[in-house]
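**Student:** The structure file entry38.cif (mmCIF, C-alpha atoms) is provided below.
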```
data_start
#
loop_
_atom_site.label_atom_id
_atom_site.label_comp_id
_atom_site.auth_asym_id
_atom_site.auth_seq_id
_atom_site.Cartn_x
_atom_site.Cartn_y
_atom_site.Cartn_z
CA MET A 1 -7.36 -32.33 -39.12
CA SER A 2 -6.13 -32.78 -35.59
CA PHE A 3 -3.19 -32.27 -33.28
CA SER A 4 -1.79 -34.90 -30.96
CA ILE A 5 0.65 -34.18 -28.18
CA ASN A 6 2.99 -36.63 -26.48
CA LYS A 7 6.13 -36.36 -24.41
CA GLN A 8 9.37 -37.96 -25.56
CA GLY A 9 11.95 -37.52 -22.82
CA GLU A 10 12.10 -33.82 -22.07
CA VAL A 11 10.51 -32.82 -25.37
CA VAL A 12 6.83 -32.13 -26.04
CA VAL A 13 6.14 -33.50 -29.52
CA VAL A 14 3.15 -32.19 -31.48
CA ASP A 15 1.93 -34.04 -34.58
CA VAL A 16 -0.09 -31.99 -37.06
CA GLU A 17 -2.45 -34.29 -38.97
CA GLY A 18 -4.07 -32.61 -41.97
CA GLN A 19 -3.72 -28.88 -42.53
CA LEU A 20 -2.52 -26.04 -40.34
CA ILE A 21 -4.71 -23.18 -41.52
CA VAL A 22 -6.83 -20.26 -40.39
CA GLY A 23 -9.61 -22.57 -39.22
CA ASN A 24 -7.56 -24.55 -36.69
CA ARG A 25 -4.47 -22.49 -35.86
CA GLN A 26 -5.91 -21.28 -32.53
CA GLU A 27 -6.38 -24.88 -31.40
CA LEU A 28 -2.68 -25.62 -31.97
CA LYS A 29 -1.67 -22.36 -30.30
CA GLN A 30 -3.74 -23.09 -27.20
CA LYS A 31 -2.48 -26.68 -26.87
CA VAL A 32 1.15 -25.55 -26.99
CA LEU A 33 0.57 -22.59 -24.66
CA ASP A 34 -1.11 -24.94 -22.16
CA GLU A 35 2.03 -27.09 -22.12
CA LEU A 36 4.23 -24.00 -21.80
CA GLU A 37 2.17 -22.88 -18.81
CA LYS A 38 2.75 -26.27 -17.18
CA GLY A 39 6.48 -25.55 -17.32
CA GLU A 40 7.48 -27.41 -20.48
CA LYS A 41 10.39 -25.78 -22.34
CA ARG A 42 11.31 -27.98 -25.29
CA PHE A 43 8.84 -28.33 -28.16
CA LEU A 44 9.00 -30.19 -31.44
CA ILE A 45 6.31 -29.93 -34.11
CA ASP A 46 6.34 -32.86 -36.53
CA PHE A 47 4.82 -32.17 -39.97
CA SER A 48 5.15 -35.68 -41.43
CA GLN A 49 1.35 -35.98 -41.67
CA THR A 50 0.66 -32.40 -42.74
CA GLY A 51 -0.84 -31.44 -46.09
CA TYR A 52 -0.33 -27.70 -46.26
CA ILE A 53 0.12 -24.63 -44.07
CA ASP A 54 -1.34 -21.22 -44.87
CA SER A 55 -0.04 -17.81 -43.83
CA SER A 56 -2.00 -17.82 -40.58
CA GLY A 57 -0.54 -21.23 -39.72
CA LEU A 58 2.95 -19.89 -40.38
CA GLY A 59 2.07 -16.88 -38.23
CA VAL A 60 1.09 -19.08 -35.31
CA LEU A 61 4.41 -20.92 -35.50
CA VAL A 62 6.26 -17.60 -35.42
CA SER A 63 4.18 -16.39 -32.48
CA LEU A 64 4.67 -19.64 -30.52
CA SER A 65 8.40 -19.64 -31.18
CA LYS A 66 8.65 -16.13 -29.76
CA LYS A 67 6.58 -16.93 -26.66
CA ILE A 68 8.52 -20.12 -25.96
CA ARG A 69 11.86 -18.31 -26.31
CA GLU A 70 10.63 -15.61 -23.93
CA GLN A 71 10.10 -18.38 -21.36
CA GLY A 72 13.62 -19.72 -21.93
CA GLY A 73 12.53 -22.60 -24.12
CA GLU A 74 12.80 -23.58 -27.77
CA LEU A 75 10.51 -24.66 -30.60
CA ARG A 76 11.96 -26.84 -33.35
CA LEU A 77 10.38 -28.36 -36.45
CA ALA A 78 10.74 -31.68 -38.30
CA ASN A 79 9.65 -33.52 -41.43
CA LEU A 80 8.73 -30.69 -43.80
CA ASN A 81 7.78 -32.10 -47.21
CA ASP A 82 9.01 -30.35 -50.37
CA ASP A 83 6.01 -28.02 -50.55
CA LEU A 84 6.31 -26.99 -46.91
CA GLN A 85 10.07 -26.53 -47.26
CA THR A 86 9.42 -24.19 -50.21
CA LEU A 87 6.92 -22.19 -48.14
CA PHE A 88 9.45 -21.76 -45.35
CA GLU A 89 12.13 -20.72 -47.87
CA LEU A 90 9.83 -18.22 -49.66
CA THR A 91 8.97 -16.57 -46.35
CA LYS A 92 12.53 -16.94 -45.00
CA LEU A 93 11.14 -18.70 -41.95
CA ASP A 94 13.72 -21.40 -42.60
CA THR A 95 16.17 -18.88 -41.09
CA LEU A 96 14.08 -18.50 -37.95
CA PHE A 97 13.54 -22.17 -37.08
CA GLN A 98 15.83 -25.12 -36.60
CA ILE A 99 14.38 -27.71 -38.99
CA SER A 100 15.32 -31.38 -39.03
CA ASP A 101 14.74 -34.03 -41.70
CA THR A 102 13.49 -36.59 -39.21
CA ARG A 103 11.85 -36.68 -35.81
CA GLU A 104 14.80 -38.66 -34.40
CA ARG A 105 17.36 -36.08 -35.52
CA ALA A 106 15.24 -33.29 -34.13
CA LEU A 107 14.93 -35.01 -30.74
CA GLU A 108 18.69 -35.63 -30.66
CA SER A 109 19.35 -31.94 -31.44
CA PHE A 110 17.88 -30.67 -28.16
CA MET B 1 -7.21 -23.09 -79.53
CA ALA B 2 -9.99 -24.26 -77.18
CA GLU B 3 -12.34 -21.73 -75.59
CA PRO B 4 -11.86 -21.15 -71.84
CA HIS B 5 -14.29 -23.25 -69.82
CA VAL B 6 -15.45 -23.32 -66.23
CA ALA B 7 -13.60 -25.84 -64.07
CA LEU B 8 -15.10 -24.89 -60.72
CA ASP B 9 -18.01 -22.72 -59.58
CA VAL B 10 -19.01 -22.78 -55.91
CA ARG B 11 -20.52 -20.41 -53.35
CA ILE B 12 -19.80 -20.89 -49.65
CA PRO B 13 -21.02 -19.24 -46.44
CA SER B 14 -18.53 -16.69 -45.12
CA ASP B 15 -16.92 -19.02 -42.57
CA VAL B 16 -13.32 -20.23 -42.52
CA LYS B 17 -14.42 -23.81 -41.86
CA TYR B 18 -15.45 -24.08 -45.53
CA ILE B 19 -12.04 -23.11 -46.94
CA GLU B 20 -10.41 -26.53 -46.76
CA GLY B 21 -13.16 -28.29 -48.72
CA VAL B 22 -13.09 -25.77 -51.57
CA VAL B 23 -9.30 -25.80 -51.73
CA GLU B 24 -9.24 -29.60 -51.91
CA LEU B 25 -11.83 -29.54 -54.71
CA ALA B 26 -9.78 -26.96 -56.62
CA THR B 27 -6.63 -29.06 -56.15
CA LEU B 28 -8.47 -32.08 -57.54
CA ARG B 29 -9.66 -30.12 -60.60
CA CYS B 30 -6.11 -28.83 -61.07
CA ARG B 31 -4.77 -32.39 -61.20
CA GLU B 32 -7.50 -33.47 -63.61
CA LEU B 33 -6.30 -30.70 -65.93
CA HIS B 34 -2.82 -32.26 -65.93
CA ILE B 35 -1.23 -29.19 -64.43
CA THR B 36 2.02 -30.16 -62.69
CA PRO B 37 1.48 -31.82 -59.30
CA ARG B 38 3.67 -29.21 -57.61
CA LYS B 39 1.57 -26.30 -58.93
CA CYS B 40 -1.60 -28.05 -57.75
CA SER B 41 -0.37 -29.10 -54.31
CA LEU B 42 1.52 -25.91 -53.46
CA ASN B 43 0.68 -22.92 -55.65
CA VAL B 44 -3.07 -23.48 -56.04
CA ARG B 45 -3.66 -24.79 -52.53
CA VAL B 46 -1.89 -22.01 -50.68
CA ALA B 47 -2.74 -19.04 -52.91
CA LEU B 48 -6.43 -19.96 -53.17
CA SER B 49 -6.62 -20.60 -49.44
CA GLU B 50 -5.19 -17.11 -48.83
CA ALA B 51 -7.60 -15.46 -51.27
CA ILE B 52 -10.67 -17.13 -49.71
CA SER B 53 -9.43 -16.39 -46.23
CA ASN B 54 -8.99 -12.70 -47.15
CA ALA B 55 -12.47 -12.62 -48.66
CA ILE B 56 -14.02 -14.02 -45.47
CA LEU B 57 -11.97 -12.18 -42.85
CA ARG B 58 -11.27 -8.85 -44.62
CA GLY B 59 -13.78 -8.58 -47.45
CA ASN B 60 -16.85 -9.82 -45.63
CA ALA B 61 -15.34 -9.09 -42.20
CA SER B 62 -16.70 -12.48 -41.06
CA GLY B 63 -20.22 -11.11 -41.50
CA ALA B 64 -22.91 -13.69 -40.81
CA GLY B 65 -25.20 -14.30 -43.77
CA LYS B 66 -22.60 -13.24 -46.32
CA HIS B 67 -21.06 -15.54 -48.91
CA VAL B 68 -17.92 -16.00 -50.96
CA SER B 69 -18.00 -17.26 -54.56
CA ILE B 70 -15.10 -19.12 -56.12
CA ARG B 71 -14.96 -19.67 -59.84
CA ALA B 72 -12.16 -21.20 -61.89
CA THR B 73 -11.82 -21.05 -65.65
CA VAL B 74 -9.26 -22.91 -67.66
CA SER B 75 -7.80 -22.20 -71.09
CA ASP B 76 -4.92 -23.66 -73.04
CA ASP B 77 -2.61 -21.21 -71.32
CA ALA B 78 -3.84 -20.62 -67.81
CA LEU B 79 -5.97 -21.56 -64.84
CA VAL B 80 -7.74 -18.48 -63.48
CA PHE B 81 -9.49 -18.26 -60.11
CA GLU B 82 -11.88 -15.46 -59.19
CA VAL B 83 -12.79 -15.11 -55.52
CA VAL B 84 -15.72 -12.76 -54.92
CA ASP B 85 -16.88 -11.42 -51.55
CA GLU B 86 -19.71 -9.08 -50.53
CA GLY B 87 -17.76 -6.51 -48.54
CA PRO B 88 -17.03 -2.85 -49.18
CA GLY B 89 -13.62 -3.71 -50.62
CA PHE B 90 -10.04 -3.41 -49.53
CA ASP B 91 -6.97 -2.17 -51.31
CA LEU B 92 -4.51 -4.99 -51.82
CA THR B 93 -1.65 -2.53 -52.24
CA LEU B 94 -2.23 -1.08 -48.75
CA VAL B 95 -1.61 -4.42 -47.07
CA ARG B 96 1.38 -5.32 -49.22
CA SER B 97 4.59 -5.38 -47.22
CA ASP B 98 7.60 -7.66 -47.34
CA PRO B 99 7.32 -10.17 -44.47
CA THR B 100 10.84 -11.45 -45.10
CA THR B 101 12.67 -8.32 -43.92
CA PRO B 102 14.35 -8.60 -40.50
CA GLU B 103 11.85 -6.17 -38.90
CA ASN B 104 8.86 -8.17 -40.20
CA LEU B 105 10.15 -11.74 -39.97
CA GLU B 106 8.83 -12.35 -36.46
CA LYS B 107 5.45 -10.71 -37.03
CA GLU B 108 2.49 -13.08 -36.85
CA ASP B 109 0.59 -11.52 -39.76
CA GLY B 110 1.40 -10.18 -43.22
CA ARG B 111 2.34 -13.24 -45.26
CA GLY B 112 -0.95 -13.95 -47.08
CA LEU B 113 -0.76 -11.46 -49.92
CA PHE B 114 2.98 -12.01 -50.22
CA LEU B 115 2.41 -15.74 -50.76
CA MET B 116 -0.35 -15.11 -53.32
CA HIS B 117 2.03 -12.96 -55.36
CA ARG B 118 4.91 -15.40 -55.06
CA LEU B 119 2.84 -18.49 -55.93
CA MET B 120 0.69 -17.07 -58.74
CA ASP B 121 1.75 -15.52 -62.04
CA ARG B 122 -0.68 -12.63 -61.61
CA VAL B 123 -2.84 -11.27 -58.76
CA GLU B 124 -5.47 -8.62 -59.56
CA ARG B 125 -8.30 -6.99 -57.67
CA PHE B 126 -11.33 -5.20 -59.08
CA HIS B 127 -14.97 -4.57 -58.33
CA ALA B 128 -17.72 -6.21 -60.38
CA LYS B 129 -20.90 -7.31 -58.54
CA GLY B 130 -18.68 -7.61 -55.44
CA ASN B 131 -14.99 -7.46 -54.71
CA VAL B 132 -13.05 -9.78 -56.95
CA VAL B 133 -9.55 -11.11 -56.47
CA ARG B 134 -8.31 -12.82 -59.63
CA LEU B 135 -5.44 -15.28 -59.46
CA THR B 136 -3.81 -16.41 -62.70
CA LEU B 137 -1.55 -19.46 -62.93
CA ARG B 138 0.08 -20.25 -66.25
CA ARG B 139 -0.24 -23.92 -67.11
CA ARG B 140 3.28 -24.23 -68.48
#
```
Go ahead and render the structure in this file as structure tokens.

**Tutor:**
Amino acid sequence: MSFSINKQGEVVVVDVEGQLIVGNRQELKQKVLDELEKGEKRFLIDFSQTGYIDSSGLGVLVSLSKKIREQGGELRLANLNDDLQTLFELTKLDTLFQISDTRERALESF
Amino acid sequence: MAEPHVALDVRIPSDVKYIEGVVELATLRCRELHITPRKCSLNVRVALSEAISNAILRGNASGAGKHVSIRATVSDDALVFEVVDEGPGFDLTLVRSDPTTPENLEKEDGRGLFLMHRLMDRVERFHAKGNVVRLTLRRR
């Protein structure tokens, strides 16, 4: 499992490869917060290569979204598979995040 | 009707880095039992991950030298996981709140037990040679 970060225009794009779970959530949190501290405002997390997310992974997304909004920015999500979409619906986090079907649509939405 | 048999029996050190490996093994066993792919990839993966995580972080309180045991038995009707830690125990009902309410939606914590209950057909806790959380998933 790993996270890669690249910039596409004005958007910081984070790819989550593998799982987002209790064992690695802090690594994702720190990488995004580092970018936020550098002044970045627009963030997209792409889950096209993600297996599953546990409750602590969901919690980190909620926490990051809040911190980014407090700095005047926005965190959006893309490419949830059916299982991940169900998790977001069960927890009603689909109402908290703007979620796009594809990376391209998400980037266009900013 | 076939007797229930053991599908998985492992013991791991109380460290979150071991969760992923056990969950992947359980998912593999689930698929071998011809349980629907969705139940294996979503219900088993997430609920078991939450139960082991609770055992390590709450049950054993991340105590070095402690262990968590994970055992799965399968019958014609159900796949049952038992996750056993070595801690003094915690009351599942005390940490049960609805994370989907407007006042809880933006909280970082509080979704683990909720997900276990939503993804499994039954969640039980009891004490027998350690604290046991039992997750039951009907096969059909």

**Student:** Can you tell me which residues surround Leu33 of chain A at a distance of at most 12 Å, considering only C-alpha atoms, apart from same-chain residues fewer than 2 positions away, and format the answer as a PyMOL selection string?

**Tutor:** chain A and resi 12+26-31+35-41+43+60-61+63-68+71+73+75

**Student:** Take the PyMOL selection byres ((chain B) within 8 of (chain A)), run it mentally on this structure, and tell me the resulting residues as an MDAnalysis selection string.

**Tutor:** chainID B and resid 16:17 38 41:42 45:46 49:50 53 99:100 105:112 115 118

**Student:** If you apply the PyMOL selection byres ((chain B and resi 21) around 12) to this file, what residues do you get, as a PyMOL selection string?

**Tutor:** (chain A and resi 1+19+23) or (chain B and resi 10-12+15-20+22-28+45+48-49+52+70)

**Student:** Which is closer to Leu135 of chain B than all the others in B:Ala51, B:Ile56, B:Ala64, B:Leu33, using all atoms listed in the file?

**Tutor:**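 Ranked by minimum distance to Leu135 of chain B, first place goes to B:Ala51.
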
**Student:** Please compute the atom CA of Val16 of chain A-atom CA of Thr50 of chain A distance, one decimal, in Å.

**Tutor:**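 Taking atom CA of Val16 of chain A as the start and atom CA of Thr50 of chain A as the end point, the length is 5.7 Å.
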
**Student:** The PyMOL selection byres ((chain A and resi 4) around 7) on the file shown: which residues, as an NGL selection string?

**Tutor:** :A and (2-3 or 5-6 or 14-16)

**Student:** My list of candidates is B:Ser97, B:Asn54, B:Thr36, B:Asn104. Which is closest to Val84 of chain B when distances are computed with all atoms listed in the file?

**Tutor:**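 Smallest distance to Val84 of chain B is found for B:Asn54.
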
**Student:** Record the distance separating atom CA of Asp94 of chain A and atom CA of Pro37 of chain B, expressed in Å with one decimal.

**Tutor:**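 Taking atom CA of Asp94 of chain A and atom CA of Pro37 of chain B, their separation equals 23.2 Å.
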
**Student:** So how far away is atom CA of Leu57 of chain B from atom CA of Val6 of chain B, in Å?

**Tutor:**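 Atom CA of Leu57 of chain B lies 26.1 Å from atom CA of Val6 of chain B.
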
**Student:** Provide an axis-aligned box for all listed atoms of segment 9-20 of chain A, padding each side by 8 Å; report its centre and its edge lengths in Å to one decimal, as AutoDock Vina command-line options.

**Tutor:**
```
--center_x 4.0 --center_y -31.8 --center_z -32.3 --size_x 32.2 --size_y 27.5 --size_z 36.5
```

**Student:** From the options B:Arg134, B:Arg140, B:His127, B:His117, which residue's atoms come nearest to Ala72 of chain B, counting all atoms listed in the file?

**Tutor:** B:Arg134

**Student:** Since the input lacks some atoms of segment 45-76 of chain B, please model N, CA and C atoms and print them as a compact mmCIF listing (two decimals), keeping the file's coordinate frame.

**Tutor:**
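Below you can see out.txt, which holds the result:
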```
# COMPACT_ATOMS: atom_id res chain seq x y z
N ARG B 45 -3.15 -24.58 -53.90
CA ARG B 45 -3.66 -24.79 -52.53
C ARG B 45 -3.45 -23.57 -51.64
N VAL B 46 -2.21 -23.09 -51.62
CA VAL B 46 -1.89 -22.01 -50.68
C VAL B 46 -2.47 -20.68 -51.16
N ALA B 47 -2.26 -20.35 -52.43
CA ALA B 47 -2.74 -19.04 -52.91
C ALA B 47 -4.26 -18.94 -52.84
N LEU B 48 -4.97 -20.00 -53.22
CA LEU B 48 -6.43 -19.96 -53.17
C LEU B 48 -6.92 -19.89 -51.73
N SER B 49 -6.27 -20.64 -50.86
CA SER B 49 -6.62 -20.60 -49.44
C SER B 49 -6.48 -19.18 -48.89
N GLU B 50 -5.41 -18.50 -49.29
CA GLU B 50 -5.19 -17.11 -48.83
C GLU B 50 -6.27 -16.17 -49.38
N ALA B 51 -6.61 -16.35 -50.65
CA ALA B 51 -7.60 -15.46 -51.27
C ALA B 51 -8.98 -15.64 -50.62
N ILE B 52 -9.36 -16.88 -50.34
CA ILE B 52 -10.67 -17.13 -49.71
C ILE B 52 -10.66 -16.62 -48.27
N SER B 53 -9.56 -16.86 -47.61
CA SER B 53 -9.43 -16.39 -46.23
C SER B 53 -9.55 -14.86 -46.17
N ASN B 54 -8.88 -14.17 -47.08
CA ASN B 54 -8.99 -12.70 -47.15
C ASN B 54 -10.42 -12.26 -47.41
N ALA B 55 -11.09 -12.98 -48.31
CA ALA B 55 -12.47 -12.62 -48.66
C ALA B 55 -13.38 -12.74 -47.44
N ILE B 56 -13.18 -13.79 -46.64
CA ILE B 56 -14.02 -14.02 -45.47
C ILE B 56 -13.68 -13.04 -44.34
N LEU B 57 -12.38 -12.95 -44.04
CA LEU B 57 -11.97 -12.18 -42.85
C LEU B 57 -11.87 -10.68 -43.11
N ARG B 58 -11.41 -10.28 -44.31
CA ARG B 58 -11.27 -8.85 -44.62
C ARG B 58 -12.45 -8.36 -45.44
N GLY B 59 -12.72 -9.04 -46.55
CA GLY B 59 -13.78 -8.58 -47.45
C GLY B 59 -15.14 -8.56 -46.76
N ASN B 60 -15.55 -9.72 -46.29
CA ASN B 60 -16.85 -9.82 -45.63
C ASN B 60 -16.78 -9.53 -44.15
N ALA B 61 -15.56 -9.35 -43.63
CA ALA B 61 -15.34 -9.09 -42.20
C ALA B 61 -16.10 -10.10 -41.34
N SER B 62 -16.05 -11.38 -41.77
CA SER B 62 -16.70 -12.48 -41.06
C SER B 62 -18.19 -12.28 -40.85
N GLY B 63 -18.81 -11.41 -41.67
CA GLY B 63 -20.22 -11.11 -41.50
C GLY B 63 -21.13 -12.31 -41.71
N ALA B 64 -21.97 -12.56 -40.71
CA ALA B 64 -22.91 -13.69 -40.81
C ALA B 64 -23.90 -13.41 -41.94
N GLY B 65 -24.24 -14.44 -42.68
CA GLY B 65 -25.20 -14.30 -43.77
C GLY B 65 -24.56 -13.92 -45.09
N LYS B 66 -23.27 -13.56 -45.05
CA LYS B 66 -22.60 -13.24 -46.32
C LYS B 66 -22.00 -14.51 -46.93
N HIS B 67 -21.60 -14.38 -48.19
CA HIS B 67 -21.06 -15.54 -48.91
C HIS B 67 -19.80 -15.16 -49.68
N VAL B 68 -19.08 -16.17 -50.08
CA VAL B 68 -17.92 -16.00 -50.96
C VAL B 68 -18.10 -16.95 -52.15
N SER B 69 -17.90 -16.42 -53.35
CA SER B 69 -18.00 -17.26 -54.56
C SER B 69 -16.60 -17.52 -55.11
N ILE B 70 -16.40 -18.73 -55.56
CA ILE B 70 -15.10 -19.12 -56.12
C ILE B 70 -15.36 -19.76 -57.48
N ARG B 71 -14.74 -19.17 -58.49
CA ARG B 71 -14.96 -19.67 -59.84
C ARG B 71 -13.59 -19.86 -60.50
N ALA B 72 -13.41 -20.97 -61.17
CA ALA B 72 -12.16 -21.20 -61.89
C ALA B 72 -12.46 -21.44 -63.35
N THR B 73 -11.71 -20.79 -64.22
CA THR B 73 -11.82 -21.05 -65.65
C THR B 73 -10.46 -21.50 -66.16
N VAL B 74 -10.51 -22.37 -67.14
CA VAL B 74 -9.26 -22.91 -67.66
C VAL B 74 -9.21 -22.72 -69.18
N SER B 75 -8.04 -22.32 -69.65
CA SER B 75 -7.80 -22.20 -71.09
C SER B 75 -6.56 -23.01 -71.42
N ASP B 76 -6.15 -22.94 -72.67
CA ASP B 76 -4.92 -23.66 -73.04
C ASP B 76 -3.72 -23.15 -72.25
```
